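What follows is a single structure, written as structure tokens, with notes after it.
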Amino acid sequence: MAFVLTLEFGADERRLAARPAHRERLTRLHADGVLLMAGPWRDGSGALLVFDTDESGIEAELAADPYYRTPGVTVREIREWSPLPGLRPG
């Protein structure tokens with residue numbers, strides 16, 4: 001099971017101060033196989049993250065990483081994703 005998380009970024013600069021710790025966490029999650037891919041939209045308006053976890057795992061991640069509650073960061077959508085067999089990233 002996988003989940004796609006989309007973020008929207010606002011003008012509040014506090015998100016930039018919180019971003020390094022968030023990216024370190026993402027690097028660890030990727031190394032552990034929990035995060036398949038992540039990155040900002042080219043225009044800087046938000047980001048897309050793809051997690052290989054179940055519903056409780058995505059909820060735990062949202063609770064554990066304060067970046068998702070930082071002013072200037074809005075969790076826009078969380079959707080379960082069903083990648084086609086053989087075409088899954090990672």
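Chain labels run A, B, ... following the order of the structure tokens; each chain numbers its residues from 1, and ligands are numbered from 1 in the order shown.
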Near-Phe51 of chain A list (9 Å; only C-alpha atoms; drop same-chain fewer than 4 positions) as a short mmCIF file (atom, residue, chain, number, x, y, z; two decimals) with C-alpha atoms, in the first residue's frame:
data_model
loop_
_atom_site.label_atom_id
_atom_site.label_comp_id
_atom_site.auth_asym_id
_atom_site.auth_seq_id
_atom_site.Cartn_x
_atom_site.Cartn_y
_atom_site.Cartn_z
CA MET A 1 0.00 0.00 0.00
CA ALA A 2 1.22 3.51 -0.74
CA PHE A 3 0.08 7.01 0.08
CA VAL A 4 0.63 10.22 -1.85
CA LEU A 5 0.88 13.38 0.22
CA LEU A 29 12.66 7.38 5.76
CA HIS A 30 13.91 6.81 2.22
CA GLY A 33 12.16 2.10 2.45
CA VAL A 34 9.21 4.03 3.89
CA LEU A 35 9.52 7.02 1.54
CA LEU A 36 9.65 6.12 -2.15
CA MET A 37 10.16 9.62 -3.53
CA ALA A 38 9.67 13.27 -2.61
CA GLY A 57 2.02 4.57 9.13
CA ILE A 58 1.12 7.74 7.25
#
Residue neighbourhood segment 60-74 of chain A, 10 Å, only C-alpha atoms, exclusion window fewer than 3 positions, as an NGL selection string: :A and (5-23 or 25-26 or 29 or 34 or 45-47 or 51 or 53-57 or 77)
With N, CA and C atoms retained, write the just-selected residues as a short mmCIF file (atom, residue, chain, number, x, y, z; two decimals), in the first residue's frame.
data_model
loop_
_atom_site.label_atom_id
_atom_site.label_comp_id
_atom_site.auth_asym_id
_atom_site.auth_seq_id
_atom_site.Cartn_x
_atom_site.Cartn_y
_atom_site.Cartn_z
N LEU A 5 1.13 12.21 -0.60
CA LEU A 5 0.88 13.38 0.22
C LEU A 5 1.24 14.61 -0.60
N THR A 6 0.33 15.56 -0.71
CA THR A 6 0.65 16.80 -1.40
C THR A 6 0.63 17.94 -0.39
N LEU A 7 1.63 18.79 -0.50
CA LEU A 7 1.77 19.95 0.36
C LEU A 7 1.62 21.22 -0.45
N GLU A 8 1.15 22.26 0.21
CA GLU A 8 1.10 23.59 -0.38
C GLU A 8 1.92 24.51 0.51
N PHE A 9 2.76 25.34 -0.10
CA PHE A 9 3.61 26.25 0.65
C PHE A 9 3.06 27.67 0.57
N GLY A 10 3.04 28.34 1.72
CA GLY A 10 2.64 29.74 1.78
C GLY A 10 3.85 30.63 1.95
N ALA A 11 3.59 31.90 2.20
CA ALA A 11 4.66 32.90 2.28
C ALA A 11 5.39 32.91 3.62
N ASP A 12 4.88 32.25 4.63
CA ASP A 12 5.49 32.29 5.96
C ASP A 12 6.88 31.66 5.91
N GLU A 13 7.87 32.45 6.25
CA GLU A 13 9.28 32.03 6.15
C GLU A 13 9.68 31.01 7.20
N ARG A 14 8.86 30.77 8.22
CA ARG A 14 9.21 29.79 9.24
C ARG A 14 9.37 28.39 8.65
N ARG A 15 8.69 28.13 7.55
CA ARG A 15 8.83 26.81 6.94
C ARG A 15 10.25 26.58 6.44
N LEU A 16 10.91 27.64 5.99
CA LEU A 16 12.28 27.49 5.49
C LEU A 16 13.23 27.12 6.62
N ALA A 17 13.00 27.65 7.82
CA ALA A 17 13.85 27.31 8.97
C ALA A 17 13.62 25.85 9.39
N ALA A 18 12.41 25.35 9.21
CA ALA A 18 12.08 23.98 9.61
C ALA A 18 12.46 22.95 8.55
N ARG A 19 12.75 23.38 7.35
CA ARG A 19 12.96 22.46 6.24
C ARG A 19 14.19 21.56 6.38
N PRO A 20 15.35 22.03 6.85
CA PRO A 20 16.51 21.12 6.94
C PRO A 20 16.24 19.88 7.79
N ALA A 21 15.63 20.04 8.96
CA ALA A 21 15.34 18.87 9.82
C ALA A 21 14.34 17.95 9.12
N HIS A 22 13.37 18.53 8.44
CA HIS A 22 12.38 17.74 7.69
C HIS A 22 13.07 16.91 6.60
N ARG A 23 13.97 17.53 5.88
CA ARG A 23 14.66 16.81 4.79
C ARG A 23 15.57 15.72 5.34
N ARG A 25 14.91 13.99 7.98
CA ARG A 25 13.96 12.92 8.30
C ARG A 25 13.55 12.17 7.05
N LEU A 26 13.29 12.90 5.97
CA LEU A 26 12.91 12.25 4.71
C LEU A 26 14.02 11.35 4.19
N LEU A 29 13.83 8.17 6.18
CA LEU A 29 12.66 7.38 5.76
C LEU A 29 12.90 6.71 4.42
N VAL A 34 10.55 3.51 3.60
CA VAL A 34 9.21 4.03 3.89
C VAL A 34 8.81 5.13 2.91
N SER A 45 5.55 26.05 -5.17
CA SER A 45 4.24 26.22 -4.54
C SER A 45 3.88 25.10 -3.56
N GLY A 46 4.64 24.03 -3.57
CA GLY A 46 4.34 22.90 -2.70
C GLY A 46 5.24 21.72 -3.01
N ALA A 47 4.80 20.53 -2.61
CA ALA A 47 5.62 19.34 -2.81
C ALA A 47 4.74 18.10 -2.89
N PHE A 51 4.75 7.67 0.00
CA PHE A 51 5.13 6.79 1.11
C PHE A 51 4.68 5.37 0.84
N THR A 53 3.61 2.72 2.91
CA THR A 53 3.17 2.42 4.26
C THR A 53 1.67 2.22 4.26
N ASP A 54 1.13 1.86 5.39
CA ASP A 54 -0.32 1.72 5.51
C ASP A 54 -0.89 2.99 6.14
N GLU A 55 -2.19 2.99 6.37
CA GLU A 55 -2.85 4.19 6.89
C GLU A 55 -2.31 4.62 8.25
N SER A 56 -2.05 3.65 9.13
CA SER A 56 -1.52 4.01 10.45
C SER A 56 -0.10 4.56 10.33
N GLY A 57 0.66 4.07 9.34
CA GLY A 57 2.02 4.57 9.13
C GLY A 57 2.05 6.01 8.65
N GLU A 77 -3.52 17.28 0.58
CA GLU A 77 -4.23 16.04 0.27
C GLU A 77 -3.40 14.84 0.67
#
All alpha helix (DSSP H) residues (DSSP, backbone) inside segment 9-88 of chain A, as a PyMOL selection string: chain A and resi 14-31+55-64
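Our summary of the geometry notes that atom CA of Gly44 of chain A is positioned 24.9 Å from atom CA of Ala31 of chain A.
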Atomic distance atom CA of Gly86 of chain A - atom CA of Leu49 of chain A, expressed in Å with one decimal: 19.7 Å
Every residue of chain A that DSSP places in strand (DSSP E or B), as an MDAnalysis selection string: chainID A and resid 2:9 35:40 46:51 73:81
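Computed from the coordinates, the atom CA of Asp32 of chain A to atom CA of Val75 of chain A distance equals 22.8 Å.
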